[in-house]
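Asker: Below is the file upload_39.cif, which contains mmCIF, C-alpha atoms.
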data_final
#
loop_
_atom_site.label_atom_id
_atom_site.label_comp_id
_atom_site.auth_asym_id
_atom_site.auth_seq_id
_atom_site.Cartn_x
_atom_site.Cartn_y
_atom_site.Cartn_z
CA SER A 1 6.51 4.23 26.27
CA VAL A 2 6.46 5.99 22.92
CA LEU A 3 9.16 8.42 24.08
CA SER A 4 11.22 5.55 25.46
CA ARG A 5 11.02 3.67 22.17
CA TYR A 6 12.03 6.84 20.29
CA GLU A 7 15.01 7.40 22.59
CA ASN A 8 16.07 3.77 22.17
CA GLN A 9 15.94 4.19 18.42
CA ILE A 10 18.14 7.29 18.61
CA THR A 11 20.64 5.38 20.74
CA ILE A 12 20.78 2.47 18.31
CA LEU A 13 21.18 4.77 15.31
CA SER A 14 23.86 6.82 17.04
CA ASP A 15 25.92 3.69 17.64
CA TYR A 16 26.34 3.28 13.90
CA LEU A 17 27.76 6.78 13.57
CA GLU A 18 30.93 5.94 15.45
CA GLU A 19 32.58 5.18 12.14
CA PHE A 20 32.26 8.84 11.10
CA PRO A 21 35.37 10.90 11.79
CA GLU A 22 35.38 13.71 14.32
CA THR A 23 35.11 16.72 12.07
CA ASP A 24 33.57 20.16 11.85
CA GLU A 25 32.86 19.65 8.14
CA PRO A 26 29.16 19.54 7.31
CA VAL A 27 27.45 16.45 5.94
CA TRP A 28 25.15 17.10 2.98
CA ILE A 29 22.20 14.76 2.36
CA LEU A 30 19.90 15.55 -0.58
CA GLY A 31 20.00 19.30 -0.13
CA ARG A 32 20.04 19.27 3.68
CA GLN A 33 23.05 20.17 5.80
CA HIS A 34 23.92 18.27 9.00
CA HIS A 35 26.69 18.74 11.54
CA LEU A 36 28.12 15.61 13.11
CA ASN A 37 29.10 17.41 16.30
CA ALA A 38 25.62 18.82 16.85
CA ASP A 39 22.96 16.49 15.43
CA LYS A 40 24.24 12.99 14.66
CA SER A 41 20.83 11.49 15.44
CA LYS A 42 19.06 13.84 13.02
CA LEU A 43 21.52 12.86 10.31
CA LEU A 44 20.80 9.17 10.73
CA LEU A 45 17.06 9.71 10.93
CA ASP A 46 17.24 11.68 7.70
CA ILE A 47 19.13 8.85 5.99
CA SER A 48 16.89 6.09 7.34
CA ALA A 49 13.81 7.96 6.08
CA ARG A 50 14.86 7.37 2.46
CA LEU A 51 13.17 4.37 0.87
CA TRP A 52 15.75 1.61 0.52
CA PHE A 53 15.26 -0.93 -2.25
CA THR A 54 17.45 -4.02 -2.37
CA TYR A 55 17.65 -7.33 -4.15
CA ARG A 56 14.58 -9.49 -3.43
CA ARG A 57 13.84 -13.17 -3.83
CA LYS A 58 10.73 -15.35 -4.12
CA PHE A 59 8.65 -12.87 -6.13
CA SER A 60 6.54 -14.07 -9.07
CA PRO A 61 8.73 -14.92 -12.10
CA ILE A 62 9.32 -11.95 -14.37
CA GLY A 63 7.37 -12.43 -17.59
CA GLY A 64 5.84 -15.61 -16.16
CA THR A 65 8.88 -17.80 -16.81
CA GLY A 66 11.79 -15.50 -15.98
CA PRO A 67 13.82 -15.04 -12.79
CA SER A 68 12.11 -14.85 -9.38
CA SER A 69 15.03 -12.93 -7.87
CA ASP A 70 17.10 -9.98 -9.10
CA ALA A 71 20.15 -10.85 -6.99
CA GLY A 72 23.33 -10.27 -8.98
CA TRP A 73 21.80 -8.17 -11.77
CA GLY A 74 19.16 -5.75 -10.48
CA CYS A 75 21.25 -3.32 -8.41
CA MET A 76 21.03 -0.38 -10.85
CA LEU A 77 17.28 -0.94 -11.23
CA ARG A 78 16.95 -0.79 -7.43
CA CYS A 79 18.99 2.43 -7.37
CA GLY A 80 16.68 3.90 -10.00
CA GLN A 81 13.71 2.92 -7.83
CA MET A 82 15.30 4.69 -4.85
CA MET A 83 15.85 7.92 -6.81
CA LEU A 84 12.31 7.89 -8.15
CA ALA A 85 10.87 7.05 -4.71
CA GLN A 86 12.65 10.10 -3.29
CA ALA A 87 11.01 12.22 -5.99
CA LEU A 88 7.58 10.83 -5.07
CA ILE A 89 8.16 11.47 -1.37
CA CYS A 90 9.04 15.08 -2.19
CA ARG A 91 5.99 15.23 -4.44
CA HIS A 92 3.44 14.01 -1.88
CA LEU A 93 5.02 14.28 1.58
CA GLY A 94 7.74 16.93 1.24
CA ARG A 95 11.51 16.78 1.67
CA ASP A 96 11.25 17.30 5.45
CA TRP A 97 9.02 14.25 6.00
CA GLN A 98 10.62 11.75 8.36
CA TRP A 99 10.04 8.03 8.84
CA GLU A 100 10.01 6.54 12.31
CA LYS A 101 9.85 2.88 13.13
CA HIS A 102 6.36 1.68 14.22
CA LYS A 103 4.88 5.14 13.61
CA LYS A 104 1.67 5.28 11.57
CA GLN A 105 2.33 6.83 8.18
CA PRO A 106 -0.04 8.69 5.84
CA GLU A 107 -1.87 6.85 3.08
CA GLU A 108 0.25 8.59 0.43
CA TYR A 109 3.34 6.93 1.90
CA HIS A 110 1.88 3.43 1.55
CA ARG A 111 0.64 4.25 -1.91
CA ILE A 112 4.14 5.34 -2.93
CA LEU A 113 5.56 2.11 -1.50
CA ARG A 114 3.00 0.02 -3.39
CA CYS A 115 4.28 1.52 -6.67
CA PHE A 116 7.56 -0.37 -6.15
CA LEU A 117 6.45 -3.76 -4.81
CA ASP A 118 7.81 -6.76 -6.73
CA ARG A 119 4.59 -7.50 -8.61
CA LYS A 120 3.84 -7.25 -12.29
CA ASP A 121 0.87 -4.93 -11.65
CA CYS A 122 2.92 -2.30 -9.75
CA CYS A 123 3.96 0.53 -12.05
CA TYR A 124 7.64 0.72 -11.01
CA SER A 125 8.22 -2.90 -9.98
CA ILE A 126 11.31 -4.88 -10.90
CA HIS A 127 9.02 -6.70 -13.36
CA GLN A 128 8.02 -3.50 -15.17
CA MET A 129 11.54 -2.10 -15.24
CA ALA A 130 13.16 -5.31 -16.48
CA GLN A 131 10.58 -5.78 -19.23
CA MET A 132 10.68 -2.14 -20.30
CA GLY A 133 14.46 -2.51 -20.48
CA VAL A 134 14.00 -4.99 -23.32
CA GLY A 135 12.96 -2.03 -25.47
CA GLU A 136 16.28 -0.39 -24.53
CA GLY A 137 18.26 -3.41 -25.73
CA LYS A 138 18.68 -5.08 -22.32
CA SER A 139 17.69 -8.71 -21.83
CA ILE A 140 15.90 -9.62 -18.61
CA GLY A 141 18.62 -10.43 -16.10
CA GLU A 142 21.18 -8.19 -17.79
CA TRP A 143 22.89 -5.39 -15.85
CA PHE A 144 21.71 -1.84 -16.59
CA GLY A 145 23.72 1.38 -16.71
CA PRO A 146 22.54 4.74 -15.33
CA ASN A 147 21.29 6.05 -18.68
CA THR A 148 19.30 2.90 -19.43
CA VAL A 149 17.53 3.09 -16.07
CA ALA A 150 16.72 6.75 -16.74
CA GLN A 151 15.17 5.87 -20.11
CA VAL A 152 13.13 3.07 -18.52
CA LEU A 153 11.76 5.38 -15.80
CA LYS A 154 10.91 7.96 -18.45
CA LYS A 155 8.79 5.42 -20.34
CA LEU A 156 7.11 3.91 -17.28
CA ALA A 157 6.13 7.34 -15.96
CA LEU A 158 3.87 7.77 -19.00
CA PHE A 159 1.58 5.11 -17.52
CA ASP A 160 1.55 6.60 -14.01
CA GLU A 161 -1.39 8.99 -13.86
CA TRP A 162 -1.47 9.28 -10.06
CA ASN A 163 1.99 10.81 -9.73
CA SER A 164 1.75 12.60 -13.08
CA LEU A 165 5.48 13.26 -13.42
CA ALA A 166 7.24 14.83 -16.36
CA VAL A 167 10.51 12.91 -16.74
CA TYR A 168 13.22 14.67 -18.71
CA VAL A 169 16.44 12.79 -19.50
CA SER A 170 19.10 15.10 -20.91
CA MET A 171 20.92 14.33 -24.17
CA ASP A 172 24.57 15.00 -24.94
CA ASN A 173 25.26 16.51 -21.50
CA THR A 174 22.82 19.32 -22.31
CA VAL A 175 19.71 20.46 -20.41
CA VAL A 176 17.35 22.53 -22.57
CA ILE A 177 15.17 24.92 -20.56
CA GLU A 178 12.74 25.51 -23.44
CA ASP A 179 12.07 21.78 -23.86
CA ILE A 180 11.50 21.21 -20.14
CA LYS A 181 9.01 24.06 -19.91
CA LYS A 182 7.21 22.78 -22.99
CA MET A 183 6.96 19.33 -21.40
CA CYS A 184 5.92 20.48 -17.93
CA TRP A 185 3.34 23.06 -18.96
CA SER A 186 0.20 21.48 -20.30
CA PRO A 187 -0.99 23.11 -23.52
CA PRO A 188 -4.02 25.40 -23.10
CA GLN A 189 -7.49 24.28 -24.12
CA SER A 190 -8.12 25.14 -27.76
CA SER A 191 -11.20 25.02 -29.94
CA SER A 192 -9.09 25.27 -33.07
CA ALA A 193 -9.54 22.35 -35.42
CA ALA A 194 -5.84 22.46 -36.15
CA HIS A 195 -5.06 21.27 -32.63
CA SER A 196 -7.86 18.73 -32.25
CA SER A 197 -7.37 15.21 -30.90
CA ALA A 198 -3.58 15.04 -30.37
CA HIS A 199 -3.63 18.38 -28.58
CA LEU A 200 -6.47 17.33 -26.30
CA HIS A 201 -4.82 13.99 -25.63
CA ARG A 202 -1.64 15.74 -24.45
CA SER A 203 -3.72 18.14 -22.36
CA ALA A 204 -5.50 15.30 -20.61
CA LEU A 205 -2.21 13.65 -19.76
CA GLY A 206 -0.36 16.82 -18.84
CA ARG A 207 -2.77 18.50 -16.44
CA ASN A 208 -2.88 17.89 -12.71
CA LYS A 209 -5.93 18.68 -10.65
CA ASN A 210 -5.72 20.28 -7.26
CA ALA A 211 -8.05 19.56 -4.36
CA ALA A 212 -10.74 21.78 -5.88
CA GLY A 213 -10.54 19.95 -9.20
CA PHE A 214 -9.02 22.81 -11.21
CA CYS A 215 -6.13 22.25 -13.57
CA THR A 216 -2.84 23.61 -12.28
CA GLY A 217 -0.78 23.16 -15.42
CA TRP A 218 2.82 22.51 -14.35
CA LYS A 219 3.65 18.84 -14.08
CA PRO A 220 6.20 18.02 -11.34
CA LEU A 221 9.58 17.48 -13.00
CA LEU A 222 11.96 14.57 -12.53
CA LEU A 223 15.16 15.72 -14.21
CA ILE A 224 17.85 13.09 -14.84
CA ILE A 225 21.22 14.05 -16.30
CA PRO A 226 23.37 11.08 -17.43
CA LEU A 227 27.04 12.04 -17.49
CA ARG A 228 30.48 10.69 -18.27
CA LEU A 229 32.91 12.41 -15.89
CA GLY A 230 36.10 10.97 -17.32
CA ILE A 231 37.38 8.06 -19.40
CA ASN A 232 38.44 5.27 -17.06
CA HIS A 233 38.39 7.27 -13.83
CA ILE A 234 36.55 10.37 -12.69
CA ASN A 235 38.36 13.54 -13.72
CA PRO A 236 39.21 15.54 -10.55
CA VAL A 237 38.14 18.75 -12.27
CA TYR A 238 34.49 17.65 -11.88
CA ILE A 239 34.57 16.82 -8.17
CA ASP A 240 33.58 20.20 -6.75
CA ALA A 241 30.69 20.59 -9.19
CA PHE A 242 29.52 17.03 -8.52
CA LYS A 243 29.47 17.68 -4.77
CA GLU A 244 27.67 20.99 -5.31
CA CYS A 245 24.71 19.11 -6.80
CA PHE A 246 24.04 17.38 -3.47
CA LYS A 247 23.69 20.81 -1.81
CA MET A 248 20.83 21.91 -4.06
CA PRO A 249 17.37 21.73 -2.46
CA GLN A 250 16.13 19.97 -5.61
CA SER A 251 18.72 17.17 -5.29
CA LEU A 252 17.70 13.53 -5.70
CA GLY A 253 21.30 12.36 -5.48
CA ALA A 254 23.04 10.32 -8.15
CA LEU A 255 23.07 6.85 -9.69
CA GLY A 256 26.47 5.27 -10.19
CA GLY A 257 29.07 3.15 -8.45
CA LYS A 258 31.64 0.82 -9.89
CA PRO A 259 31.47 -1.46 -12.96
CA ASN A 260 28.49 -3.82 -12.49
CA ASN A 261 28.12 -2.60 -8.91
CA ALA A 262 25.53 0.18 -8.53
CA TYR A 263 24.88 2.46 -5.56
CA TYR A 264 22.44 5.28 -4.83
CA PHE A 265 24.49 8.29 -3.74
CA ILE A 266 22.60 10.64 -1.43
CA GLY A 267 25.28 13.00 -0.11
CA PHE A 268 28.87 13.58 0.90
CA LEU A 269 31.25 14.37 3.74
CA GLY A 270 34.50 15.97 2.62
CA ASN A 271 35.76 13.89 -0.31
CA GLU A 272 33.68 10.83 0.58
CA LEU A 273 30.30 10.03 -0.94
CA ILE A 274 27.49 8.65 1.21
CA TYR A 275 25.31 6.02 -0.41
CA LEU A 276 22.58 3.43 0.05
CA ASP A 277 23.63 -0.04 -1.01
CA PRO A 278 21.11 -2.34 -2.76
CA HIS A 279 23.37 -5.43 -2.46
CA THR A 280 21.37 -7.18 0.26
CA THR A 281 18.94 -9.94 -0.69
CA GLN A 282 15.65 -9.87 1.19
CA SER A 283 12.42 -11.81 0.79
CA PHE A 284 9.51 -10.51 -1.26
CA VAL A 285 7.06 -8.35 0.70
CA ASP A 286 3.48 -7.81 -0.44
CA SER A 287 0.88 -5.31 0.74
CA GLU A 288 -1.59 -6.19 3.49
CA GLU A 289 -5.32 -6.55 2.89
CA ASN A 290 -5.89 -2.98 4.08
CA GLY A 291 -3.35 -1.67 1.57
CA THR A 292 -0.58 -0.93 4.06
CA VAL A 293 2.90 -2.39 3.64
CA ASP A 294 5.14 -3.88 6.33
CA ASP A 295 7.88 -1.35 5.66
CA GLN A 296 10.64 -2.37 8.09
CA SER A 297 12.78 -3.84 5.31
CA PHE A 298 12.37 -0.76 3.10
CA HIS A 299 14.40 1.53 5.35
CA CYS A 300 18.10 1.07 5.99
CA GLN A 301 18.62 1.33 9.73
CA GLN A 302 22.34 0.70 9.67
CA GLY A 303 25.11 3.23 9.38
CA PRO A 304 25.46 4.66 5.86
CA HIS A 305 28.19 3.44 3.56
CA ARG A 306 30.89 5.79 2.30
CA MET A 307 33.40 5.70 -0.52
CA LYS A 308 36.06 8.10 -1.79
CA ILE A 309 34.87 10.18 -4.72
CA MET A 310 37.94 9.26 -6.76
CA ASN A 311 36.86 5.60 -6.63
CA LEU A 312 33.61 6.44 -8.41
CA ASP A 313 33.08 5.08 -11.92
CA PRO A 314 32.85 8.08 -14.30
CA SER A 315 29.45 6.95 -15.65
CA VAL A 316 26.78 8.54 -13.42
CA ALA A 317 23.31 10.08 -13.58
CA LEU A 318 22.32 13.10 -11.50
CA GLY A 319 18.71 13.46 -10.35
CA PHE A 320 16.67 16.55 -9.43
CA PHE A 321 13.02 17.14 -8.55
CA CYS A 322 11.15 20.38 -9.21
CA LYS A 323 7.58 20.32 -7.93
CA GLU A 324 6.77 23.82 -9.17
CA GLU A 325 8.10 25.98 -11.96
CA CYS A 326 9.75 28.28 -9.41
CA ASP A 327 11.76 25.27 -8.16
CA PHE A 328 13.06 24.69 -11.67
CA ASP A 329 13.86 28.38 -12.16
CA ASN A 330 15.74 28.33 -8.86
CA TRP A 331 17.64 25.21 -9.96
CA CYS A 332 18.66 26.93 -13.21
CA SER A 333 19.97 29.91 -11.23
CA LEU A 334 21.95 27.65 -8.90
CA VAL A 335 23.47 25.77 -11.84
CA GLN A 336 24.54 29.02 -13.48
CA LYS A 337 26.02 30.38 -10.26
CA GLU A 338 27.56 27.30 -8.61
CA ILE A 339 28.48 25.02 -11.52
CA LEU A 340 28.74 26.73 -14.90
CA LYS A 341 30.45 29.96 -13.83
CA GLN A 342 32.91 28.16 -11.58
CA GLN A 343 34.24 25.66 -14.10
CA SER A 344 36.51 25.83 -17.09
CA LEU A 345 35.55 22.25 -18.07
CA ARG A 346 31.80 22.05 -17.56
CA MET A 347 30.11 18.98 -16.14
CA PHE A 348 27.03 19.65 -18.31
CA GLU A 349 25.49 22.50 -20.30
CA LEU A 350 22.32 24.46 -19.53
CA VAL A 351 20.89 26.24 -22.58
CA GLN A 352 17.76 28.32 -23.05
CA LYS A 353 16.78 27.29 -26.58
CA HIS A 354 16.49 23.94 -28.32
CA PRO A 355 19.64 23.42 -30.43
CA PRO A 356 18.69 23.97 -34.10
CA HIS A 357 20.70 20.96 -35.31
CA TRP A 358 18.78 18.60 -33.01
CA PRO A 359 15.58 16.83 -34.06
CA PRO A 360 12.44 18.72 -32.95
CA PHE A 361 11.45 18.16 -29.32
CA ILE A 362 8.10 16.44 -28.94
CA PRO A 363 6.91 15.88 -25.34
CA PRO A 364 6.33 12.14 -24.84
CA THR A 365 2.77 10.93 -24.40
CA LYS A 366 1.30 7.62 -23.35
CA PRO A 367 0.70 5.21 -26.27
CA GLU A 368 -2.90 4.84 -27.38
CA VAL A 369 -3.62 1.82 -25.19
CA THR A 370 -5.98 1.59 -22.24
CA THR A 371 -4.15 0.42 -19.14
CA THR A 372 -4.82 0.00 -15.47
CA GLY A 373 -2.96 -2.12 -12.97
CA ALA A 374 -2.34 -5.64 -14.21
CA GLU A 375 -2.81 -4.56 -17.84
CA LEU A 376 0.37 -2.48 -17.69
CA ILE A 377 2.62 -5.37 -18.74
CA GLU A 378 0.36 -6.07 -21.70
CA SER A 379 0.42 -2.41 -22.68
CA THR A 380 4.21 -2.21 -22.54
CA ASP A 381 4.33 -5.23 -24.83
CA LYS A 382 2.06 -3.29 -27.15
CA LEU A 383 4.45 -0.34 -26.91
CA PHE A 384 7.33 -2.56 -28.07
CA GLU A 385 5.18 -3.75 -31.02
CA LEU A 386 4.40 -0.15 -31.99
CA GLU A 387 8.10 0.75 -31.82
CA GLU A 388 9.01 -2.23 -34.01
CA GLU A 389 6.32 -1.32 -36.56
CA PHE A 390 7.60 2.27 -36.63
CA GLU A 391 11.16 1.07 -37.22
CA ILE A 392 10.00 -1.16 -40.11
CA LEU A 393 8.04 1.70 -41.67
CA SER A 394 11.03 4.01 -41.29
CA VAL A 395 13.20 1.55 -43.18
#
Kindly present the structure from the file in structure tokens form.

Answerer:
Amino acid sequence: SVLSRYENQITILSDYLEEFPETDEPVWILGRQHHLNADKSKLLLDISARLWFTYRRKFSPIGGTGPSSDAGWGCMLRCGQMMLAQALICRHLGRDWQWEKHKKQPEEYHRILRCFLDRKDCCYSIHQMAQMGVGEGKSIGEWFGPNTVAQVLKKLALFDEWNSLAVYVSMDNTVVIEDIKKMCWSPPQSSSAAHSSAHLHRSALGRNKNAAGFCTGWKPLLLIIPLRLGINHINPVYIDAFKECFKMPQSLGALGGKPNNAYYFIGFLGNELIYLDPHTTQSFVDSEENGTVDDQSFHCQQGPHRMKIMNLDPSVALGFFCKEECDFDNWCSLVQKEILKQQSLRMFELVQKHPPHWPPFIPPTKPEVTTTGAELIESTDKLFELEEEFEILSV
């Protein structure tokens, strides 16, 4: 009966692929290559395994008195959730992990899903993202752009000790290798008085422990690169480099879409982008008493949407995940070989050293507030207060 159910699922998924053209061109999905003529079912299973976050309704009001649905304004936040969720899946389950309907999933999967439930005590909920966006100049209920979502994820990750991600958001189309390595490598233990409390505080935040309890040093990297690939329309000179990013094994896809209409781009076929669409309104889903989540509505089981690359709004954000330092080194090599050396007009820059005319790079650390679960909202409010005090003192 299990085999029969699996075969039925393949049949249903394959039906949705009829819209794909007959072609020998490969389909690229987040660093994996598929061939329509050979493995259509594997392609759809790969796509349906990605966590799919959409508009929701009937959740607790944001901030206690705010909206109880994000329909009409939360699409870019949902796309940011999808990119981050893909990073967490790679972090805990691996890129080759597959989701199957009705199949029991590991505890890590449900724990990842619980991070994104529409509750104020979930670290990457719509509540947390909307309220953290206030510090980025966005009112609750206001539409976000790709860069704003990246900044919000960067701040929220400071409170997430389980996943222990280092989130680097590039500035001025420039990725600085030195700064990323400084952020991802925890500083060594030091008895020197000159490095006392602040040093130890960063060490405590920046060190992961493996199964044996020993510190491993490198924090898994979520790298987000906000870009402007043209003025009003995408410049065709960037198309090949943009597509090349989806081929990289570190790829988390891209955030973008059209004005006020965000999509999560996960791959391409020819000159068409493949994306997950958050513009479906579903009811709020909570976790069960045993901690599992009814996950049927968190996986898109319909055929993927496609759009021509030239219809893409030029404001995008690329995402990459590097679990180990060797993954990041490999990414740097791929960028040099496939993107920077092939282009006269570069999509972004990759430099070894921190530019001397930039302000000094200081790896972000969690504010000095004690937070767990439901206290996270209160702590982010405290963060806003600290930022306001700092601005007043600066003036």

Asker: Compare A:Trp73, A:Tyr263, A:Phe116, A:Phe284 by their minimum atom-to-atom distance to Arg306 (chain A), counting all atoms listed in the file, and give me the closest one.

Answerer: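 Closest to Arg306 (chain A), using all atoms listed in the file: A:Tyr263.
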
Asker: Could you spell out the hits of the PyMOL selection byres ((chain A and resi 90-94) around 8) on the shown file, as a ChimeraX atom specification?

Answerer: /A:86-89,95-97,108-109,163,220,321,323

Asker: Written as a count of residues only, what is the full residue list that the PyMOL selection byres ((chain A and resi 164-175) around 8) yields on the file shown?

Answerer: 32

Asker: With distances taken over only C-alpha atoms, which of A:Glu136, A:Glu338, A:Glu25, A:Asp286 is nearest to Lys58 (chain A)?

Answerer: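 Of the candidates, the smallest distance to Lys58 (chain A) is held by A:Asp286.
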
Asker: For each of A:Cys115, A:Cys245, A:Cys123, A:Ile140, take the minimum atom-to-atom distance to Gly64 (chain A), counting all atoms listed in the file, then give the residue where this is smallest.

Answerer: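 Using all atoms listed in the file, the shortest distance to Gly64 (chain A) belongs to A:Ile140.
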
Asker: For Ser297 (chain A), find every residue with an atom within 10 Å (counting only C-alpha atoms), except residues of its own chain fewer than 6 positions away, and show them as number ranges by chain.

Answerer: A: 51-54, 282-285

Asker: Carefully work through the PyMOL selection byres ((chain A and resi 74) around 10) for this structure and note down the residues it includes, as a PyMOL selection string.

Answerer: chain A and resi 54-56+69-73+75-80+126+129-130+140-144+260-262+278-279

Asker: Quick one: of A:Lys243, A:Arg114, A:Arg346, A:His35, who's nearest to Ile309 (chain A), counting only C-alpha atoms?

Answerer: A:Lys243

Asker: Which residue out of A:Ala317, A:Leu44, A:Met248, A:Leu156 has the minimum interatomic distance to Ser333 (chain A) when only C-alpha atoms are used?

Answerer: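 Selected residue with least distance to Ser333 (chain A): A:Met248.
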
Asker: Quick one: everything within 7 Å of Gln250 (chain A), counting only C-alpha atoms, minus sequence neighbours fewer than 2 positions away in the same chain. Send it as a compact mmCIF listing (two decimals) with C-alpha atoms, in the coordinates of the input.

Answerer:
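Once everything was written out, this is around-v4.txt:
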# COMPACT_ATOMS: atom_id res chain seq x y z
CA GLY A 31 20.00 19.30 -0.13
CA MET A 248 20.83 21.91 -4.06
CA LEU A 252 17.70 13.53 -5.70
CA PHE A 320 16.67 16.55 -9.43
CA PHE A 321 13.02 17.14 -8.55
CA CYS A 322 11.15 20.38 -9.21
CA TRP A 331 17.64 25.21 -9.96
